[in-house]
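Following: one structure in structure tokens, then a few remarks.
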Amino acid sequence: MGANGSKQGRRLVFTYGTLKRGFANHGLMEDLIRTGDAAFVGTAHTAGRLPLVCGPYRVPFLLDLSGAGEHVFGELYAVSPRAIARMDDLEGTRKGHYERLPISVVVDGEGQKEVEAEAYYAHRSYAGVMWRRCGEMGYKVYSEKEAKGYVRRKDRPHDITFLDQIRIFIASPQT
């Protein structure tokens, strides 16, 4: 499969955080690969600069604030509509946690081909405020260092929504 997601009905999705290999939610990608609903295309980075920050529980958020931040490094997958539905569920798109939006990425390796994909961005309702809360400083890559302190969803408080946890994080002083 090429870098255009060409297998029928496939879309390219750029992952930059916990869905990457070696991180907490990569099990979902492994399941999707096992069922034939996803294929690893390669490593990639954003064509433009975008902020990548960590919010509550060291959860990574890509912010749709073009020109701010860094070229962000991650992984590119070609995924089926069924995979998109499962990824949307994980990312809370119907709950206002993230939005799946277009992104231009450059596939690493020979040729450095730029392709159009989609990525899960922090929801626009709080992205700008989160950028300011993080001191307008972001990361190039969500690595083990940035993930240190990440709290899995099952280990977070269940008496408060994730959106409320984001609001509390944004309202708290920067440390």
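Within each chain, counting starts at residue 1; across the structure tokens, chains are named A, B, ... in the order shown, with ligands numbered 1 upward in that order.
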
(request) Mind checking which residues fall within 12 Å of region 108-117 of chain A, counting only C-alpha atoms, ignoring those fewer than 6 positions away in the same chain, and posting them as a PyMOL selection string? (result) chain A and resi 2-6+10-15+41-48+73-79+100-102

(message) I'd like the contact shell of Tyr16 (chain A) - 12 Å cut-off, only C-alpha atoms, skipping same-chain residues fewer than 2 positions apart - returned as number ranges by chain.
(response) A: 13-14, 18-23, 25-26, 43-46, 50-54, 59-63, 71-77, 105, 118-121, 139-143, 146-147

Can you spit out the residues from that selection as a PDB file, in the first residue's frame, using C-alpha atoms?
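Below you can see selection02.pdb, which holds the result:
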```
ATOM      1  CA  VAL A  13      -4.110   9.048   9.642  1.00  0.00           C
ATOM      2  CA  PHE A  14      -1.106  10.723  11.265  1.00  0.00           C
ATOM      3  CA  THR A  18      -0.271   7.423  22.521  1.00  0.00           C
ATOM      4  CA  LEU A  19      -1.307   5.574  19.339  1.00  0.00           C
ATOM      5  CA  LYS A  20       2.320   5.344  18.208  1.00  0.00           C
ATOM      6  CA  ARG A  21       4.345   2.165  18.592  1.00  0.00           C
ATOM      7  CA  GLY A  22       5.572   1.730  22.159  1.00  0.00           C
ATOM      8  CA  PHE A  23       2.907   3.941  23.764  1.00  0.00           C
ATOM      9  CA  ASN A  25      -2.890   3.142  23.204  1.00  0.00           C
ATOM     10  CA  HIS A  26      -0.918   1.427  20.432  1.00  0.00           C
ATOM     11  CA  THR A  43       7.206   7.531   9.995  1.00  0.00           C
ATOM     12  CA  ALA A  44       6.312  11.084   9.044  1.00  0.00           C
ATOM     13  CA  HIS A  45       6.382  14.663  10.229  1.00  0.00           C
ATOM     14  CA  THR A  46       4.052  17.591   9.765  1.00  0.00           C
ATOM     15  CA  LEU A  50       2.007  22.970  14.753  1.00  0.00           C
ATOM     16  CA  PRO A  51       1.960  22.966  18.550  1.00  0.00           C
ATOM     17  CA  LEU A  52       2.160  19.593  20.309  1.00  0.00           C
ATOM     18  CA  VAL A  53       1.523  19.919  24.047  1.00  0.00           C
ATOM     19  CA  CYS A  54       0.680  17.722  27.003  1.00  0.00           C
ATOM     20  CA  VAL A  59      -2.168  13.318  27.413  1.00  0.00           C
ATOM     21  CA  PRO A  60      -0.736  14.680  24.140  1.00  0.00           C
ATOM     22  CA  PHE A  61      -2.685  17.231  22.108  1.00  0.00           C
ATOM     23  CA  LEU A  62      -1.896  18.529  18.628  1.00  0.00           C
ATOM     24  CA  LEU A  63      -3.282  22.048  18.285  1.00  0.00           C
ATOM     25  CA  HIS A  71       7.356  20.231  12.860  1.00  0.00           C
ATOM     26  CA  VAL A  72       5.834  17.301  14.764  1.00  0.00           C
ATOM     27  CA  PHE A  73       7.114  13.749  14.249  1.00  0.00           C
ATOM     28  CA  GLY A  74       4.884  10.685  14.339  1.00  0.00           C
ATOM     29  CA  GLU A  75       3.587   7.699  12.392  1.00  0.00           C
ATOM     30  CA  LEU A  76       1.332   7.377   9.385  1.00  0.00           C
ATOM     31  CA  TYR A  77      -1.286   4.633   9.000  1.00  0.00           C
ATOM     32  CA  VAL A 105       2.628  15.401   6.395  1.00  0.00           C
ATOM     33  CA  GLU A 118      -5.991  13.374   8.882  1.00  0.00           C
ATOM     34  CA  ALA A 119      -4.981  13.814  12.508  1.00  0.00           C
ATOM     35  CA  TYR A 120      -6.719  14.118  15.839  1.00  0.00           C
ATOM     36  CA  TYR A 121      -6.397  17.698  17.045  1.00  0.00           C
ATOM     37  CA  TYR A 139       7.321  19.512  21.516  1.00  0.00           C
ATOM     38  CA  LYS A 140       8.656  18.106  18.253  1.00  0.00           C
ATOM     39  CA  VAL A 141       7.876  14.573  19.346  1.00  0.00           C
ATOM     40  CA  TYR A 142       5.894  12.805  22.052  1.00  0.00           C
ATOM     41  CA  SER A 143       8.656  10.586  23.393  1.00  0.00           C
ATOM     42  CA  GLU A 146       7.099  13.653  27.461  1.00  0.00           C
ATOM     43  CA  ALA A 147       4.978  10.587  28.266  1.00  0.00           C
TER      44      ALA A 147
END
```

(request) Compare A:Ala83, A:Leu163, A:Ala171, A:Ala38 by their minimum atom-to-atom distance to Lys95 (chain A), counting only C-alpha atoms, and give me the closest one. (result)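 Checking each of A:Ala83, A:Leu163, A:Ala171, A:Ala38 against Lys95 (chain A), counting only C-alpha atoms, the winner is A:Leu163.
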
Where does DSSP see strand (DSSP E or B) in region 9-110 of chain A, if you list the residues as a short mmCIF file (atom, residue, chain, number, x, y, z; two decimals) with N, CA, C and O atoms, in the first residue's frame?
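The resulting file, states-v3.cif, is reproduced below:
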```cif
data_model
loop_
_atom_site.label_atom_id
_atom_site.label_comp_id
_atom_site.auth_asym_id
_atom_site.auth_seq_id
_atom_site.Cartn_x
_atom_site.Cartn_y
_atom_site.Cartn_z
N ARG A 11 -8.11 5.73 4.48
CA ARG A 11 -7.66 7.10 4.71
C ARG A 11 -6.33 7.03 5.41
O ARG A 11 -6.04 6.08 6.14
N LEU A 12 -5.53 8.06 5.23
CA LEU A 12 -4.27 8.16 5.96
C LEU A 12 -4.52 8.92 7.25
O LEU A 12 -5.18 9.97 7.24
N VAL A 13 -4.00 8.39 8.35
CA VAL A 13 -4.11 9.05 9.64
C VAL A 13 -2.71 9.18 10.23
O VAL A 13 -1.96 8.21 10.31
N PHE A 14 -2.39 10.42 10.63
CA PHE A 14 -1.11 10.72 11.26
C PHE A 14 -1.29 10.62 12.78
O PHE A 14 -2.14 11.29 13.35
N THR A 15 -0.50 9.76 13.41
CA THR A 15 -0.53 9.62 14.87
C THR A 15 0.73 10.24 15.45
O THR A 15 1.82 10.08 14.89
N ALA A 38 -6.02 -1.66 9.33
CA ALA A 38 -4.98 -0.63 9.33
C ALA A 38 -3.68 -1.23 8.83
O ALA A 38 -3.45 -2.43 8.97
N ALA A 39 -2.86 -0.36 8.26
CA ALA A 39 -1.51 -0.75 7.83
C ALA A 39 -0.57 0.40 8.15
O ALA A 39 -0.90 1.58 7.90
N PHE A 40 0.57 0.06 8.70
CA PHE A 40 1.61 1.06 8.96
C PHE A 40 2.20 1.49 7.63
O PHE A 40 2.62 0.66 6.83
N VAL A 41 2.21 2.81 7.37
CA VAL A 41 2.77 3.35 6.13
C VAL A 41 4.23 3.75 6.35
O VAL A 41 5.08 3.49 5.52
N GLY A 42 4.50 4.39 7.48
CA GLY A 42 5.86 4.83 7.78
C GLY A 42 5.88 5.95 8.78
O GLY A 42 4.84 6.42 9.23
N THR A 43 7.08 6.37 9.12
CA THR A 43 7.21 7.53 9.99
C THR A 43 7.03 8.78 9.13
O THR A 43 7.27 8.76 7.92
N ALA A 44 6.60 9.85 9.77
CA ALA A 44 6.31 11.08 9.04
C ALA A 44 6.44 12.27 9.99
O ALA A 44 6.53 12.09 11.21
N HIS A 45 6.42 13.45 9.43
CA HIS A 45 6.38 14.66 10.23
C HIS A 45 5.48 15.67 9.53
O HIS A 45 5.25 15.60 8.32
N THR A 46 4.96 16.60 10.32
CA THR A 46 4.05 17.59 9.76
C THR A 46 4.80 18.47 8.77
O THR A 46 5.95 18.83 8.98
N LEU A 50 3.21 23.05 13.93
CA LEU A 50 2.01 22.97 14.75
C LEU A 50 2.42 22.73 16.20
O LEU A 50 3.42 22.06 16.46
N LEU A 52 2.44 20.87 19.65
CA LEU A 52 2.16 19.59 20.31
C LEU A 52 2.43 19.83 21.79
O LEU A 52 3.55 20.21 22.16
N VAL A 53 1.40 19.66 22.61
CA VAL A 53 1.52 19.92 24.05
C VAL A 53 0.99 18.73 24.83
O VAL A 53 0.32 17.85 24.27
N CYS A 54 1.26 18.72 26.11
CA CYS A 54 0.68 17.72 27.00
C CYS A 54 -0.31 18.42 27.93
O CYS A 54 0.00 19.47 28.49
N PRO A 60 -1.21 13.79 25.20
CA PRO A 60 -0.74 14.68 24.14
C PRO A 60 -1.89 15.27 23.32
O PRO A 60 -2.88 14.60 23.06
N PHE A 61 -1.71 16.53 22.93
CA PHE A 61 -2.69 17.23 22.11
C PHE A 61 -1.95 17.97 21.00
O PHE A 61 -1.04 18.75 21.27
N LEU A 62 -2.35 17.74 19.76
CA LEU A 62 -1.90 18.53 18.63
C LEU A 62 -2.90 19.66 18.49
O LEU A 62 -4.12 19.43 18.53
N GLU A 70 6.23 23.44 16.34
CA GLU A 70 7.34 22.79 15.65
C GLU A 70 6.81 21.87 14.55
O GLU A 70 5.61 21.61 14.49
N PHE A 73 6.77 15.06 14.78
CA PHE A 73 7.11 13.75 14.25
C PHE A 73 6.17 12.69 14.79
O PHE A 73 5.80 12.72 15.97
N GLY A 74 5.79 11.75 13.94
CA GLY A 74 4.88 10.68 14.34
C GLY A 74 4.88 9.54 13.34
O GLY A 74 5.88 9.29 12.66
N GLU A 75 3.74 8.87 13.26
CA GLU A 75 3.59 7.70 12.39
C GLU A 75 2.35 7.86 11.53
O GLU A 75 1.35 8.44 11.95
N LEU A 76 2.43 7.29 10.33
CA LEU A 76 1.33 7.38 9.38
C LEU A 76 0.75 5.98 9.15
O LEU A 76 1.50 5.03 8.94
N TYR A 77 -0.57 5.89 9.22
CA TYR A 77 -1.29 4.63 9.00
C TYR A 77 -2.35 4.83 7.94
O TYR A 77 -2.97 5.90 7.86
N ALA A 78 -2.58 3.80 7.14
CA ALA A 78 -3.71 3.76 6.21
C ALA A 78 -4.77 2.93 6.91
O ALA A 78 -4.51 1.79 7.33
N VAL A 79 -5.96 3.51 7.09
CA VAL A 79 -6.98 2.86 7.90
C VAL A 79 -8.32 2.79 7.18
O VAL A 79 -8.64 3.64 6.35
N TYR A 98 -11.39 15.64 20.98
CA TYR A 98 -10.54 15.84 19.81
C TYR A 98 -11.42 16.03 18.58
O TYR A 98 -12.59 15.65 18.58
N GLU A 99 -10.81 16.57 17.52
CA GLU A 99 -11.44 16.68 16.21
C GLU A 99 -10.50 16.02 15.20
O GLU A 99 -9.29 16.23 15.27
N ARG A 100 -11.05 15.26 14.28
CA ARG A 100 -10.25 14.68 13.21
C ARG A 100 -10.31 15.64 12.03
O ARG A 100 -11.36 15.88 11.45
N LEU A 101 -9.16 16.23 11.69
CA LEU A 101 -9.08 17.26 10.66
C LEU A 101 -7.94 16.95 9.68
O LEU A 101 -7.02 16.19 10.01
N PRO A 102 -7.97 17.58 8.50
CA PRO A 102 -6.90 17.37 7.53
C PRO A 102 -5.54 17.87 8.04
O PRO A 102 -5.48 18.82 8.83
N ILE A 103 -4.49 17.24 7.54
CA ILE A 103 -3.12 17.64 7.87
C ILE A 103 -2.22 17.23 6.70
O ILE A 103 -2.46 16.21 6.07
N SER A 104 -1.24 18.05 6.42
CA SER A 104 -0.21 17.70 5.42
C SER A 104 0.99 17.17 6.16
O SER A 104 1.48 17.82 7.10
N VAL A 105 1.45 16.00 5.76
CA VAL A 105 2.63 15.40 6.40
C VAL A 105 3.62 14.98 5.33
O VAL A 105 3.26 14.75 4.18
N VAL A 106 4.87 14.88 5.75
CA VAL A 106 5.94 14.44 4.88
C VAL A 106 6.36 13.05 5.35
O VAL A 106 6.72 12.87 6.51
N VAL A 107 6.25 12.07 4.45
CA VAL A 107 6.65 10.71 4.77
C VAL A 107 8.17 10.64 4.77
O VAL A 107 8.81 11.03 3.79
#
```

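If you measure from each of A:Pro56, A:Gly36, A:Arg133, A:Leu28 to Asp88 (chain A) using only C-alpha atoms, the closest one turns out to be A:Leu28.
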
(message) Calculated over only C-alpha atoms, which of the candidates A:Cys134, A:Gly17, A:Thr93, A:Arg49 has the smallest distance to Phe162 (chain A)?
(response)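 The shortest atom-to-atom distance to Phe162 (chain A) comes from A:Thr93.
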
(request) For each of A:Gly96, A:Gly67, A:Pro173, A:Pro157, take the minimum atom-to-atom distance to Arg132 (chain A), counting only C-alpha atoms, then give the residue where this is smallest. (result)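 Using only C-alpha atoms, Arg132 (chain A) sits closest to A:Pro173.
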
(message) To one decimal place in Å, what is the distance between CA of Thr161 (chain A) and CA of Met87 (chain A)?
(response)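 Taking CA of Thr161 (chain A) as the start and CA of Met87 (chain A) as the end point, the length is 18.7 Å.
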
(request) Go through A:Gly138, A:Gly9, A:Gly128, A:Gly55 and flag the residue nearest Phe169 (chain A), using only C-alpha atoms for the distances. (result)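 Counting only C-alpha atoms, the residue closest to Phe169 (chain A) is A:Gly55.
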
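Among the candidates A:Trp131, A:Pro81, A:Arg58, A:Glu30, the one nearest to Lys145 (chain A) when counting only C-alpha atoms is A:Arg58.
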
(request) Using CA of Glu144 (chain A) and CA of Leu32 (chain A) as the two end points, give the distance in Å to one decimal. (result)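 Atom-to-atom, CA of Glu144 (chain A) and CA of Leu32 (chain A) are spaced 23.4 Å apart.
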